[in-house]
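Trainee: File follows, upload-v8.cif with mmCIF, C-alpha atoms and all ligand atoms:
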```
data_coords
loop_
_atom_site.group_PDB
_atom_site.id
_atom_site.type_symbol
_atom_site.label_atom_id
_atom_site.label_comp_id
_atom_site.auth_asym_id
_atom_site.auth_seq_id
_atom_site.Cartn_x
_atom_site.Cartn_y
_atom_site.Cartn_z
ATOM 1 C CA CYS C 1 0.000 0.000 0.000
ATOM 2 C CA PHE C 2 1.715 3.173 -1.220
ATOM 3 C CA THR C 3 -1.293 5.352 -1.753
ATOM 4 C CA ASN C 4 -1.784 9.120 -2.028
ATOM 5 C CA SER C 5 -4.933 11.189 -1.570
ATOM 6 C CA VAL C 6 -5.106 14.318 -3.733
ATOM 7 C CA GLY C 7 -7.980 16.800 -3.762
ATOM 8 C CA PRO C 8 -8.960 20.387 -2.961
ATOM 9 C CA PRO C 9 -9.573 21.595 0.612
ATOM 10 C CA GLY C 10 -12.789 20.056 1.936
ATOM 11 C CA SER C 11 -12.958 17.269 -0.646
ATOM 12 C CA GLY C 12 -12.944 14.543 2.041
ATOM 13 C CA LYS C 13 -9.313 13.386 2.165
ATOM 14 C CA GLY C 14 -9.146 13.616 5.948
ATOM 15 C CA THR C 15 -12.483 11.839 6.378
ATOM 16 C CA GLN C 16 -11.644 8.887 4.130
ATOM 17 C CA SER C 17 -7.894 8.433 4.684
ATOM 18 C CA PRO C 18 -8.085 7.156 8.301
ATOM 19 C CA LEU C 19 -10.508 4.439 7.124
ATOM 20 C CA ILE C 20 -7.966 3.426 4.494
ATOM 21 C CA LYS C 21 -5.301 3.292 7.213
ATOM 22 C CA ASP C 22 -7.360 0.885 9.301
ATOM 23 C CA GLU C 23 -8.296 -1.406 6.418
ATOM 24 C CA TYR C 24 -5.263 -1.377 4.146
ATOM 25 C CA CYS C 25 -2.246 0.716 5.057
ATOM 26 C CA LEU C 26 -1.623 0.804 8.867
ATOM 27 C CA CYS C 27 0.062 4.196 8.536
ATOM 28 C CA HIS C 28 -1.692 7.509 7.815
ATOM 29 C CA LEU C 29 0.452 10.596 7.271
ATOM 30 C CA ALA C 30 -1.342 13.913 6.887
ATOM 31 C CA THR C 31 1.054 16.802 6.253
ATOM 32 C CA GLY C 32 -1.602 19.374 7.257
ATOM 33 C CA ASP C 33 -2.136 17.665 10.653
ATOM 34 C CA MET C 34 1.610 17.440 11.241
ATOM 35 C CA LEU C 35 2.147 21.088 10.280
ATOM 36 C CA ARG C 36 -0.689 22.269 12.558
ATOM 37 C CA ALA C 37 0.822 20.270 15.442
ATOM 38 C CA ALA C 38 4.184 21.957 14.761
ATOM 39 C CA VAL C 39 2.567 25.424 14.672
ATOM 40 C CA THR C 40 0.778 24.801 17.991
ATOM 41 C CA ALA C 41 4.000 23.525 19.580
ATOM 42 C CA LYS C 42 5.909 26.527 18.137
ATOM 43 C CA THR C 43 8.716 24.291 16.870
ATOM 44 C CA PRO C 44 11.217 25.773 14.373
ATOM 45 C CA LEU C 45 9.283 24.006 11.617
ATOM 46 C CA GLY C 46 5.966 25.432 12.849
ATOM 47 C CA ILE C 47 7.369 28.957 13.072
ATOM 48 C CA LYS C 48 8.539 28.705 9.452
ATOM 49 C CA ALA C 49 5.264 27.202 8.188
ATOM 50 C CA LYS C 50 2.716 29.398 9.980
ATOM 51 C CA GLU C 51 2.674 32.465 7.729
ATOM 52 C CA ALA C 52 2.033 30.508 4.526
ATOM 53 C CA MET C 53 -0.646 28.374 6.206
ATOM 54 C CA ASP C 54 -2.489 31.395 7.598
ATOM 55 C CA LYS C 55 -2.594 32.934 4.118
ATOM 56 C CA GLY C 56 -3.751 29.710 2.446
ATOM 57 C CA GLU C 57 -0.516 29.340 0.513
ATOM 58 C CA LEU C 58 1.591 26.199 0.282
ATOM 59 C CA VAL C 59 4.492 25.698 2.650
ATOM 60 C CA SER C 60 7.858 25.267 0.884
ATOM 61 C CA ASP C 61 8.610 21.931 -0.758
ATOM 62 C CA ASP C 62 11.795 21.502 1.316
ATOM 63 C CA LEU C 63 9.923 21.757 4.618
ATOM 64 C CA VAL C 64 7.158 19.292 3.758
ATOM 65 C CA VAL C 65 9.470 16.827 2.014
ATOM 66 C CA GLY C 66 11.554 16.858 5.213
ATOM 67 C CA ILE C 67 8.490 16.068 7.321
ATOM 68 C CA ILE C 68 7.471 13.154 5.110
ATOM 69 C CA ASP C 69 11.018 11.803 4.927
ATOM 70 C CA GLU C 70 11.120 11.789 8.745
ATOM 71 C CA ALA C 71 7.599 10.384 9.212
ATOM 72 C CA MET C 72 8.196 7.513 6.762
ATOM 73 C CA LYS C 73 10.811 6.141 9.166
ATOM 74 C CA LYS C 74 8.178 5.329 11.808
ATOM 75 C CA PRO C 75 8.008 1.538 12.367
ATOM 76 C CA SER C 76 4.287 1.472 11.516
ATOM 77 C CA CYS C 77 5.042 3.124 8.145
ATOM 78 C CA GLN C 78 7.671 0.684 6.883
ATOM 79 C CA LYS C 79 5.274 -1.471 4.876
ATOM 80 C CA GLY C 80 3.445 1.400 3.252
ATOM 81 C CA PHE C 81 1.186 4.322 4.006
ATOM 82 C CA ILE C 82 -1.689 6.469 2.957
ATOM 83 C CA LEU C 83 -0.436 9.998 2.354
ATOM 84 C CA ASP C 84 -3.081 12.673 2.895
ATOM 85 C CA GLY C 85 -2.378 16.103 1.422
ATOM 86 C CA PHE C 86 1.040 15.155 0.007
ATOM 87 C CA PRO C 87 2.350 15.516 -2.685
ATOM 88 C CA ARG C 88 0.817 18.905 -3.499
ATOM 89 C CA THR C 89 3.351 19.992 -6.143
ATOM 90 C CA VAL C 90 5.081 18.151 -8.987
ATOM 91 C CA VAL C 91 8.426 18.717 -7.214
ATOM 92 C CA GLN C 92 7.038 16.956 -4.111
ATOM 93 C CA ALA C 93 5.828 14.067 -6.304
ATOM 94 C CA GLN C 94 9.289 13.704 -7.852
ATOM 95 C CA LYS C 95 10.968 13.789 -4.416
ATOM 96 C CA LEU C 96 8.530 11.153 -3.160
ATOM 97 C CA ASP C 97 9.431 8.896 -6.100
ATOM 98 C CA GLU C 98 13.113 9.309 -5.187
ATOM 99 C CA MET C 99 12.528 8.547 -1.496
ATOM 100 C CA LEU C 100 10.498 5.452 -2.315
ATOM 101 C CA ALA C 101 12.991 4.238 -4.915
ATOM 102 C CA LYS C 102 15.629 4.115 -2.127
ATOM 103 C CA GLN C 103 13.541 1.469 -0.377
ATOM 104 C CA GLY C 104 12.649 -0.333 -3.607
ATOM 105 C CA ALA C 105 9.047 0.868 -3.543
ATOM 106 C CA LYS C 106 6.817 3.063 -5.671
ATOM 107 C CA VAL C 107 3.434 4.769 -5.516
ATOM 108 C CA ASP C 108 0.780 2.204 -6.419
ATOM 109 C CA LYS C 109 -2.440 4.259 -6.317
ATOM 110 C CA VAL C 110 -3.490 7.888 -6.308
ATOM 111 C CA LEU C 111 -6.989 8.698 -5.090
ATOM 112 C CA ASN C 112 -8.249 11.808 -6.863
ATOM 113 C CA PHE C 113 -11.008 13.436 -4.776
ATOM 114 C CA ALA C 114 -12.691 15.125 -7.750
ATOM 115 C CA ILE C 115 -15.288 17.725 -6.811
ATOM 116 C CA ASP C 116 -16.686 21.083 -7.934
ATOM 117 C CA ASP C 117 -15.308 24.167 -6.157
ATOM 118 C CA ALA C 118 -18.873 25.383 -5.530
ATOM 119 C CA ILE C 119 -19.557 22.660 -2.934
ATOM 120 C CA LEU C 120 -16.444 23.322 -0.884
ATOM 121 C CA GLU C 121 -17.304 26.557 0.911
ATOM 122 C CA GLU C 122 -20.161 24.975 2.853
ATOM 123 C CA ARG C 123 -17.979 21.998 3.764
ATOM 124 C CA ILE C 124 -15.073 24.174 4.914
ATOM 125 C CA THR C 125 -17.023 26.744 6.930
ATOM 126 C CA GLY C 126 -18.951 23.977 8.763
ATOM 127 C CA ARG C 127 -15.869 21.896 9.583
ATOM 128 C CA TRP C 128 -14.844 21.267 13.209
ATOM 129 C CA ILE C 129 -11.728 19.244 14.024
ATOM 130 C CA HIS C 130 -10.213 17.395 16.959
ATOM 131 C CA PRO C 131 -6.622 18.646 16.620
ATOM 132 C CA SER C 132 -4.683 15.836 18.308
ATOM 133 C CA SER C 133 -6.288 13.025 16.252
ATOM 134 C CA GLY C 134 -7.084 14.949 13.056
ATOM 135 C CA ARG C 135 -10.736 13.742 13.212
ATOM 136 C CA SER C 136 -13.116 16.065 11.423
ATOM 137 C CA TYR C 137 -16.809 16.739 11.890
ATOM 138 C CA HIS C 138 -19.339 18.964 10.145
ATOM 139 C CA THR C 139 -22.168 20.912 11.769
ATOM 140 C CA LYS C 140 -24.587 19.713 9.076
ATOM 141 C CA PHE C 141 -23.087 16.686 7.293
ATOM 142 C CA ALA C 142 -21.267 14.860 10.113
ATOM 143 C CA PRO C 143 -22.282 16.347 13.477
ATOM 144 C CA PRO C 144 -20.606 15.094 16.669
ATOM 145 C CA LYS C 145 -22.884 13.479 19.282
ATOM 146 C CA THR C 146 -22.477 16.581 21.470
ATOM 147 C CA PRO C 147 -21.867 19.898 19.665
ATOM 148 C CA GLY C 148 -18.242 21.031 19.990
ATOM 149 C CA VAL C 149 -17.062 17.759 21.583
ATOM 150 C CA ASP C 150 -15.025 14.883 20.067
ATOM 151 C CA ASP C 151 -17.046 11.615 20.109
ATOM 152 C CA VAL C 152 -14.034 9.463 21.007
ATOM 153 C CA SER C 153 -11.996 11.466 23.535
ATOM 154 C CA GLY C 154 -14.612 13.877 24.917
ATOM 155 C CA GLU C 155 -12.147 16.697 24.236
ATOM 156 C CA PRO C 156 -13.193 20.025 22.660
ATOM 157 C CA LEU C 157 -13.384 20.544 18.908
ATOM 158 C CA ILE C 158 -12.020 23.654 17.209
ATOM 159 C CA GLN C 159 -12.454 25.426 13.881
ATOM 160 C CA ARG C 160 -9.299 25.855 11.812
ATOM 161 C CA LYS C 161 -8.037 29.410 11.461
ATOM 162 C CA ASP C 162 -7.754 28.971 7.677
ATOM 163 C CA ASP C 163 -11.294 27.568 7.262
ATOM 164 C CA THR C 164 -12.790 30.907 6.243
ATOM 165 C CA THR C 165 -14.384 31.935 2.941
ATOM 166 C CA GLU C 166 -11.532 34.359 2.295
ATOM 167 C CA VAL C 167 -8.591 32.006 2.945
ATOM 168 C CA LEU C 168 -10.392 29.229 1.064
ATOM 169 C CA LYS C 169 -10.058 31.329 -2.121
ATOM 170 C CA SER C 170 -6.249 31.288 -1.850
ATOM 171 C CA ARG C 171 -6.211 27.592 -1.014
ATOM 172 C CA LEU C 172 -8.315 26.779 -4.070
ATOM 173 C CA GLU C 173 -6.042 28.882 -6.243
ATOM 174 C CA ALA C 174 -3.016 26.994 -4.900
ATOM 175 C CA PHE C 175 -4.818 23.726 -5.606
ATOM 176 C CA HIS C 176 -5.656 24.545 -9.220
ATOM 177 C CA ILE C 177 -2.275 26.035 -10.094
ATOM 178 C CA GLN C 178 0.161 23.903 -8.087
ATOM 179 C CA THR C 179 -1.606 20.629 -7.214
ATOM 180 C CA GLU C 180 -3.730 19.755 -10.263
ATOM 181 C CA PRO C 181 -0.539 19.118 -12.300
ATOM 182 C CA VAL C 182 0.257 16.359 -9.762
ATOM 183 C CA ILE C 183 -2.826 14.472 -10.987
ATOM 184 C CA ASP C 184 -1.533 14.726 -14.592
ATOM 185 C CA TYR C 185 1.905 13.553 -13.400
ATOM 186 C CA TYR C 186 0.408 10.319 -12.028
ATOM 187 C CA SER C 187 -2.155 9.915 -14.829
ATOM 188 C CA LYS C 188 0.683 9.250 -17.249
ATOM 189 C CA ASN C 189 1.464 6.101 -15.271
ATOM 190 C CA GLY C 190 -2.185 5.055 -15.055
ATOM 191 C CA LEU C 191 -2.212 5.266 -11.257
ATOM 192 C CA VAL C 192 -5.139 7.628 -10.746
ATOM 193 C CA ALA C 193 -8.537 6.491 -9.448
ATOM 194 C CA ASN C 194 -11.098 9.269 -9.901
ATOM 195 C CA LEU C 195 -13.622 9.451 -7.055
ATOM 196 C CA HIS C 196 -16.985 11.218 -7.046
ATOM 197 C CA ALA C 197 -16.116 13.206 -3.934
ATOM 198 C CA GLU C 198 -19.405 15.164 -3.942
ATOM 199 C CA LYS C 199 -21.329 12.010 -2.951
ATOM 200 C CA PRO C 200 -22.233 11.192 0.675
ATOM 201 C CA PRO C 201 -19.301 9.904 2.786
ATOM 202 C CA LYS C 202 -20.374 6.238 2.743
ATOM 203 C CA GLU C 203 -20.632 6.196 -1.055
ATOM 204 C CA VAL C 204 -17.182 7.755 -1.362
ATOM 205 C CA THR C 205 -15.848 5.077 1.018
ATOM 206 C CA ALA C 206 -17.302 2.383 -1.263
ATOM 207 C CA GLU C 207 -15.547 3.953 -4.267
ATOM 208 C CA VAL C 208 -12.262 4.039 -2.321
ATOM 209 C CA GLN C 209 -12.637 0.363 -1.400
ATOM 210 C CA LYS C 210 -13.278 -0.510 -5.043
ATOM 211 C CA ALA C 211 -10.234 1.486 -6.167
ATOM 212 C CA LEU C 212 -7.958 -0.274 -3.655
ATOM 213 C CA SER C 213 -9.280 -3.820 -4.069
HETATM 214 P P1 LIG V 301 -7.022 20.669 3.566
HETATM 215 O O1 LIG V 301 -7.576 19.702 4.568
HETATM 216 O O2 LIG V 301 -7.827 21.915 3.499
HETATM 217 O O3 LIG V 301 -6.752 20.084 2.228
HETATM 218 P P2 LIG V 301 -4.441 20.486 4.885
HETATM 219 O O4 LIG V 301 -4.778 20.285 6.303
HETATM 220 O O5 LIG V 301 -4.012 19.311 4.100
HETATM 221 O O6 LIG V 301 -5.643 21.224 4.155
HETATM 222 O O7 LIG V 301 -3.321 21.617 4.751
HETATM 223 C C1 LIG V 301 -3.426 22.839 5.438
HETATM 224 C C2 LIG V 301 -2.294 23.764 5.015
HETATM 225 O O8 LIG V 301 -1.034 23.151 5.325
HETATM 226 C C3 LIG V 301 -2.223 24.056 3.521
HETATM 227 O O9 LIG V 301 -3.059 25.150 3.146
HETATM 228 C C4 LIG V 301 -0.737 24.380 3.349
HETATM 229 O O10 LIG V 301 -0.435 25.694 3.807
HETATM 230 C C5 LIG V 301 -0.081 23.397 4.306
HETATM 231 N N1 LIG V 301 0.260 22.115 3.645
HETATM 232 C C6 LIG V 301 -0.247 20.891 3.936
HETATM 233 N N2 LIG V 301 0.295 19.943 3.154
HETATM 234 C C7 LIG V 301 1.177 20.584 2.332
HETATM 235 C C8 LIG V 301 2.040 20.166 1.284
HETATM 236 N N3 LIG V 301 2.126 18.878 0.902
HETATM 237 N N4 LIG V 301 2.787 21.119 0.674
HETATM 238 C C9 LIG V 301 2.740 22.412 1.037
HETATM 239 N N5 LIG V 301 1.934 22.879 2.000
HETATM 240 C C10 LIG V 301 1.158 21.975 2.665
HETATM 241 P P1 LIG V 302 -10.145 17.498 3.458
HETATM 242 O O1 LIG V 302 -9.313 16.666 4.398
HETATM 243 O O2 LIG V 302 -10.064 17.033 2.042
HETATM 244 O O3 LIG V 302 -9.867 18.971 3.596
HETATM 245 P P2 LIG V 302 -12.397 16.705 5.190
HETATM 246 O O4 LIG V 302 -12.397 15.229 5.125
HETATM 247 O O5 LIG V 302 -11.882 17.347 6.422
HETATM 248 O O6 LIG V 302 -11.664 17.311 3.867
HETATM 249 O O7 LIG V 302 -13.888 17.201 4.899
HETATM 250 C C1 LIG V 302 -14.240 18.591 4.949
HETATM 251 C C2 LIG V 302 -15.545 18.767 5.719
HETATM 252 O O8 LIG V 302 -16.624 18.170 4.978
HETATM 253 C C3 LIG V 302 -15.545 18.090 7.080
HETATM 254 O O9 LIG V 302 -16.307 18.900 7.960
HETATM 255 C C4 LIG V 302 -16.222 16.726 6.829
HETATM 256 O O10 LIG V 302 -16.924 16.280 7.982
HETATM 257 C C5 LIG V 302 -17.168 17.042 5.684
HETATM 258 N N1 LIG V 302 -17.265 15.949 4.699
HETATM 259 C C6 LIG V 302 -16.304 15.069 4.354
HETATM 260 N N2 LIG V 302 -16.742 14.234 3.385
HETATM 261 C C7 LIG V 302 -18.017 14.613 3.107
HETATM 262 C C8 LIG V 302 -19.028 14.140 2.187
HETATM 263 N N3 LIG V 302 -18.771 13.118 1.361
HETATM 264 N N4 LIG V 302 -20.211 14.778 2.170
HETATM 265 C C9 LIG V 302 -20.449 15.824 3.000
HETATM 266 N N5 LIG V 302 -19.564 16.310 3.886
HETATM 267 C C10 LIG V 302 -18.351 15.719 3.945
HETATM 268 P P1 LIG V 303 0.552 5.647 15.004
HETATM 269 O O1 LIG V 303 1.621 5.271 13.998
HETATM 270 O O2 LIG V 303 1.066 5.677 16.404
HETATM 271 O O3 LIG V 303 -0.743 4.920 14.826
HETATM 272 P P2 LIG V 303 -0.625 7.870 13.614
HETATM 273 O O4 LIG V 303 0.045 7.831 12.300
HETATM 274 O O5 LIG V 303 -2.029 7.396 13.716
HETATM 275 O O6 LIG V 303 0.293 7.199 14.727
HETATM 276 O O7 LIG V 303 -0.568 9.361 14.149
HETATM 277 C C1 LIG V 303 -1.255 9.748 15.321
HETATM 278 C C2 LIG V 303 -1.490 11.236 15.269
HETATM 279 O O8 LIG V 303 -0.225 11.924 15.251
HETATM 280 C C3 LIG V 303 -2.214 11.691 13.999
HETATM 281 O O9 LIG V 303 -3.047 12.781 14.318
HETATM 282 C C4 LIG V 303 -1.107 12.134 13.077
HETATM 283 O O10 LIG V 303 -1.547 13.113 12.157
HETATM 284 C C5 LIG V 303 -0.113 12.709 14.065
HETATM 285 N N1 LIG V 303 1.248 12.551 13.594
HETATM 286 C C6 LIG V 303 1.782 11.508 12.948
HETATM 287 N N2 LIG V 303 3.077 11.713 12.685
HETATM 288 C C7 LIG V 303 3.376 12.935 13.188
HETATM 289 C C8 LIG V 303 4.564 13.727 13.247
HETATM 290 N N3 LIG V 303 5.721 13.326 12.715
HETATM 291 N N4 LIG V 303 4.483 14.940 13.845
HETATM 292 C C9 LIG V 303 3.326 15.375 14.363
HETATM 293 N N5 LIG V 303 2.170 14.678 14.349
HETATM 294 C C10 LIG V 303 2.194 13.467 13.770
#
```
Represent the structure of the file as structure tokens.
Mentor:
Amino acid sequence: CFTNSVGPPGSGKGTQSPLIKDEYCLCHLATGDMLRAAVTAKTPLGIKAKEAMDKGELVSDDLVVGIIDEAMKKPSCQKGFILDGFPRTVVQAQKLDEMLAKQGAKVDKVLNFAIDDAILEERITGRWIHPSSGRSYHTKFAPPKTPGVDDVSGEPLIQRKDDTTEVLKSRLEAFHIQTEPVIDYYSKNGLVANLHAEKPPKEVTAEVQKALS
């Protein structure tokens, strides 16, 4: 299992990827979750990443490639992983190929969370997350049992600082300009599974299972 999830903000990568981890990959690496943890902890990495994240721009390739390179060394990630939100540029995709080649592996599937921009604002502005696990909820589409509280841990949920209508515009622009070419990069090798990401979560899960079976 060397699988990547690619899609615009709010397309459902973070909702579906943990399910893939449990069923197929054992290891789930979400660069956005890791970067937010670094920002909260005010590590050198977090201090460098914060400004770009707040503006809805991509963090530099060097920083995120470094994070992935480090995270791939975790024991649970030796046999493969589901990458969520990485690669987001063609340079990142090329670096990933190089890192995998060193361990005799290569990307075997890319899940393309295809969806219209018009649907994303409602998803993003209604999103609530549990920061330490990365679990996401939605006030309308996936409400927690108690408003503002994580179902599993009982800890509080928060809204992301960049989940506003205004910052979403920059994030979508970054997606179309910098990340869509990543889908073309993998299409050439026939690795891309196109999902109907606008469907309800369970139907998207079924499409993911079909793509990975
Ligand atoms: P979303 O869930 O909206 O797709 P993420 O949580 O994956 O967003 O990412 C949040 C922010 O973290 C991005 O807007 C970007 O600033 C930064 N980021 C995450 N992954 C990457 C990456 N692979 N390359 C560059 N920046 C990244
Ligand atoms: P991403 O990780 O791609 O940014 P998320 O998985 O966090 O996206 O989903 C964004 C928001 O939309 C969350 O609040 C989530 O609960 C909700 N959501 C996810 N998938 C669906 C879906 N298929 N239909 C409706 N809402 C969804
Ligand atoms: P495990 O391998 O112990 O099952 P997970 O991959 O499920 O760990 O990660 C647990 C949580 O820690 C997730 O929210 C994930 O996003 C986060 N996480 C994983 N790796 C890192 C890292 N290098 N830095 C910060 N957070 C991380």
Trainee: Evaluate the PyMOL selection byres (((not hetatm)) within 6 of (chain V and resi 301)) here and jot the selected residues down as a JSON list (two decimals) with C-alpha atoms, in the frame of the given file.
Mentor:
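To be explicit, this is the file written out as out01.json:
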```json
[["chain", "number", "residue", "atom", "x", "y", "z"],
["C", 8, "PRO", "CA", -8.96, 20.39, -2.96],
["C", 9, "PRO", "CA", -9.57, 21.60, 0.61],
["C", 10, "GLY", "CA", -12.79, 20.06, 1.94],
["C", 31, "THR", "CA", 1.05, 16.80, 6.25],
["C", 32, "GLY", "CA", -1.60, 19.37, 7.26],
["C", 33, "ASP", "CA", -2.14, 17.66, 10.65],
["C", 52, "ALA", "CA", 2.03, 30.51, 4.53],
["C", 53, "MET", "CA", -0.65, 28.37, 6.21],
["C", 56, "GLY", "CA", -3.75, 29.71, 2.45],
["C", 57, "GLU", "CA", -0.52, 29.34, 0.51],
["C", 58, "LEU", "CA", 1.59, 26.20, 0.28],
["C", 59, "VAL", "CA", 4.49, 25.70, 2.65],
["C", 60, "SER", "CA", 7.86, 25.27, 0.88],
["C", 64, "VAL", "CA", 7.16, 19.29, 3.76],
["C", 85, "GLY", "CA", -2.38, 16.10, 1.42],
["C", 86, "PHE", "CA", 1.04, 15.16, 0.01],
["C", 87, "PRO", "CA", 2.35, 15.52, -2.68],
["C", 88, "ARG", "CA", 0.82, 18.90, -3.50],
["C", 171, "ARG", "CA", -6.21, 27.59, -1.01]]
```
Trainee: Determine, counting all atoms listed in the file, which protein, DNA and RNA residues have an atom within 12 Å of an atom of His196 in chain C; residues of the same chain fewer than 6 positions away are not included. Present the result as a ChimeraX atom specification.
Mentor: /C:7,11-12,111-116,202-208,211
Trainee: List the spatial neighbours of Leu35 in chain C as number ranges by chain - criterion: any atom at most 9 Å away, only C-alpha atoms, same-chain residues fewer than 5 positions off excluded.
Mentor: C: 30, 40, 45-46, 49-50, 53, 64, 67
Trainee: Can you tell me which residues surround Ala142 in chain C at a distance of at most 12 Å, considering all atoms listed in the file, apart from same-chain residues fewer than 3 positions away, and format the answer as a list in words?
Mentor: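 Contacts, in chain order: Gly12, Thr15, Arg123, Gly126, Arg127, Trp128, Ile129, Arg135, Ser136, Tyr137, His138, Thr139, Lys145, Thr146, Pro147, Asp150, Asp151, Pro200, Pro201 and Lys202 of chain C.
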Trainee: Decode the PyMOL selection byres (((chain C and resi 176-183) around 8) and not hetatm) for the given file into explicit residues and return them as a PyMOL selection string.
Mentor: chain C and resi 6+87-90+93+112+172-175+184-187+192
Trainee: Could you check the closest approach to Glu121 in chain C for each of C:Lys13, C:Lys199, C:Lys102, C:Lys169 and tell me which residue wins, using all atoms listed in the file?
Mentor: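 Using all atoms listed in the file, Glu121 in chain C sits closest to C:Lys169.
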Trainee: Taking all atoms listed in the file into account, which residues are within 6 Å of ligand LIG 303 (chain V), as a list in words?
Mentor: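 Listed by chain and ascending number, the contacts are Cys27, His28, Leu29, Ala30, Asp33, Met34, Ala37, Ala71, Ser76, Ser132, Ser133 and Gly134 of chain C.
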Trainee: Taking all atoms listed in the file into account, which of C:Pro144, C:Pro75, C:Pro44, C:Gly66 comes nearest ligand LIG 302 (chain V)?
Mentor: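 Using all atoms listed in the file, ligand LIG 302 (chain V) sits closest to C:Pro144.
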Trainee: Using all atoms listed in the file, find all polymer residues with an atom at most 10 Å away from the point (7.8, 5.3, 1.5); report them as a PDB file with C-alpha atoms, keeping the file's coordinate frame.
Mentor:
```pdb
ATOM      1  CA  CYS C   1       0.000   0.000   0.000  1.00  0.00           C
ATOM      2  CA  PHE C   2       1.715   3.173  -1.220  1.00  0.00           C
ATOM      3  CA  THR C   3      -1.293   5.352  -1.753  1.00  0.00           C
ATOM      4  CA  ILE C  68       7.471  13.154   5.110  1.00  0.00           C
ATOM      5  CA  ASP C  69      11.018  11.803   4.927  1.00  0.00           C
ATOM      6  CA  ALA C  71       7.599  10.384   9.212  1.00  0.00           C
ATOM      7  CA  MET C  72       8.196   7.513   6.762  1.00  0.00           C
ATOM      8  CA  LYS C  73      10.811   6.141   9.166  1.00  0.00           C
ATOM      9  CA  CYS C  77       5.042   3.124   8.145  1.00  0.00           C
ATOM     10  CA  GLN C  78       7.671   0.684   6.883  1.00  0.00           C
ATOM     11  CA  LYS C  79       5.274  -1.471   4.876  1.00  0.00           C
ATOM     12  CA  GLY C  80       3.445   1.400   3.252  1.00  0.00           C
ATOM     13  CA  PHE C  81       1.186   4.322   4.006  1.00  0.00           C
ATOM     14  CA  ILE C  82      -1.689   6.469   2.957  1.00  0.00           C
ATOM     15  CA  LEU C  83      -0.436   9.998   2.354  1.00  0.00           C
ATOM     16  CA  LEU C  96       8.530  11.153  -3.160  1.00  0.00           C
ATOM     17  CA  ASP C  97       9.431   8.896  -6.100  1.00  0.00           C
ATOM     18  CA  GLU C  98      13.113   9.309  -5.187  1.00  0.00           C
ATOM     19  CA  MET C  99      12.528   8.547  -1.496  1.00  0.00           C
ATOM     20  CA  LEU C 100      10.498   5.452  -2.315  1.00  0.00           C
ATOM     21  CA  ALA C 101      12.991   4.238  -4.915  1.00  0.00           C
ATOM     22  CA  LYS C 102      15.629   4.115  -2.127  1.00  0.00           C
ATOM     23  CA  GLN C 103      13.541   1.469  -0.377  1.00  0.00           C
ATOM     24  CA  GLY C 104      12.649  -0.333  -3.607  1.00  0.00           C
ATOM     25  CA  ALA C 105       9.047   0.868  -3.543  1.00  0.00           C
ATOM     26  CA  LYS C 106       6.817   3.063  -5.671  1.00  0.00           C
ATOM     27  CA  VAL C 107       3.434   4.769  -5.516  1.00  0.00           C
TER      28      VAL C 107
END
```
Trainee: May I have the centre and edge lengths, in Å to one decimal, of an axis-aligned box around the listed atoms of ligand LIG 302 (chain V) with 5 Å added to every side, as AutoDock Vina command-line options?
Mentor:
```
--center_x -14.9 --center_y 16.0 --center_z 4.7 --size_x 21.1 --size_y 15.9 --size_z 16.6
```
Trainee: When distances are computed from only C-alpha atoms and all ligand atoms, which of C:Glu166, C:Asp54, C:Asp84, C:Asp62 shows the smallest separation from ligand LIG 302 (chain V)?
Mentor: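 Going through C:Glu166, C:Asp54, C:Asp84, C:Asp62 one by one, the smallest distance to ligand LIG 302 (chain V) is for C:Asp84.
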Trainee: Please reconstruct the missing atoms of range 131-140 of chain C (target: N, CA and C atoms) and return them as a PDB file, in the frame of the given file.
Mentor:
```
ATOM      1  N   PRO C 131      -7.995  18.447  17.107  1.00  0.00           N
ATOM      2  CA  PRO C 131      -6.622  18.646  16.620  1.00  0.00           C
ATOM      3  C   PRO C 131      -5.685  17.470  16.847  1.00  0.00           C
ATOM      4  N   SER C 132      -5.723  16.832  18.038  1.00  0.00           N
ATOM      5  CA  SER C 132      -4.683  15.836  18.308  1.00  0.00           C
ATOM      6  C   SER C 132      -4.861  14.557  17.497  1.00  0.00           C
ATOM      7  N   SER C 133      -6.099  14.243  17.060  1.00  0.00           N
ATOM      8  CA  SER C 133      -6.288  13.025  16.252  1.00  0.00           C
ATOM      9  C   SER C 133      -6.458  13.344  14.770  1.00  0.00           C
ATOM     10  N   GLY C 134      -6.797  14.599  14.437  1.00  0.00           N
ATOM     11  CA  GLY C 134      -7.084  14.949  13.056  1.00  0.00           C
ATOM     12  C   GLY C 134      -8.523  14.627  12.638  1.00  0.00           C
ATOM     13  N   ARG C 135      -9.338  14.064  13.563  1.00  0.00           N
ATOM     14  CA  ARG C 135     -10.736  13.742  13.212  1.00  0.00           C
ATOM     15  C   ARG C 135     -11.504  14.997  12.846  1.00  0.00           C
ATOM     16  N   SER C 136     -12.327  14.887  11.777  1.00  0.00           N
ATOM     17  CA  SER C 136     -13.116  16.065  11.423  1.00  0.00           C
ATOM     18  C   SER C 136     -14.603  15.761  11.469  1.00  0.00           C
ATOM     19  N   TYR C 137     -15.351  16.792  11.797  1.00  0.00           N
ATOM     20  CA  TYR C 137     -16.809  16.739  11.890  1.00  0.00           C
ATOM     21  C   TYR C 137     -17.369  17.880  11.052  1.00  0.00           C
ATOM     22  N   HIS C 138     -18.687  17.869  10.871  1.00  0.00           N
ATOM     23  CA  HIS C 138     -19.339  18.964  10.145  1.00  0.00           C
ATOM     24  C   HIS C 138     -20.667  19.259  10.822  1.00  0.00           C
ATOM     25  N   THR C 139     -20.942  20.537  11.048  1.00  0.00           N
ATOM     26  CA  THR C 139     -22.168  20.912  11.769  1.00  0.00           C
ATOM     27  C   THR C 139     -23.409  20.312  11.106  1.00  0.00           C
ATOM     28  N   LYS C 140     -23.405  20.204   9.769  1.00  0.00           N
ATOM     29  CA  LYS C 140     -24.587  19.713   9.076  1.00  0.00           C
ATOM     30  C   LYS C 140     -24.415  18.281   8.546  1.00  0.00           C
TER      31      LYS C 140
END
```
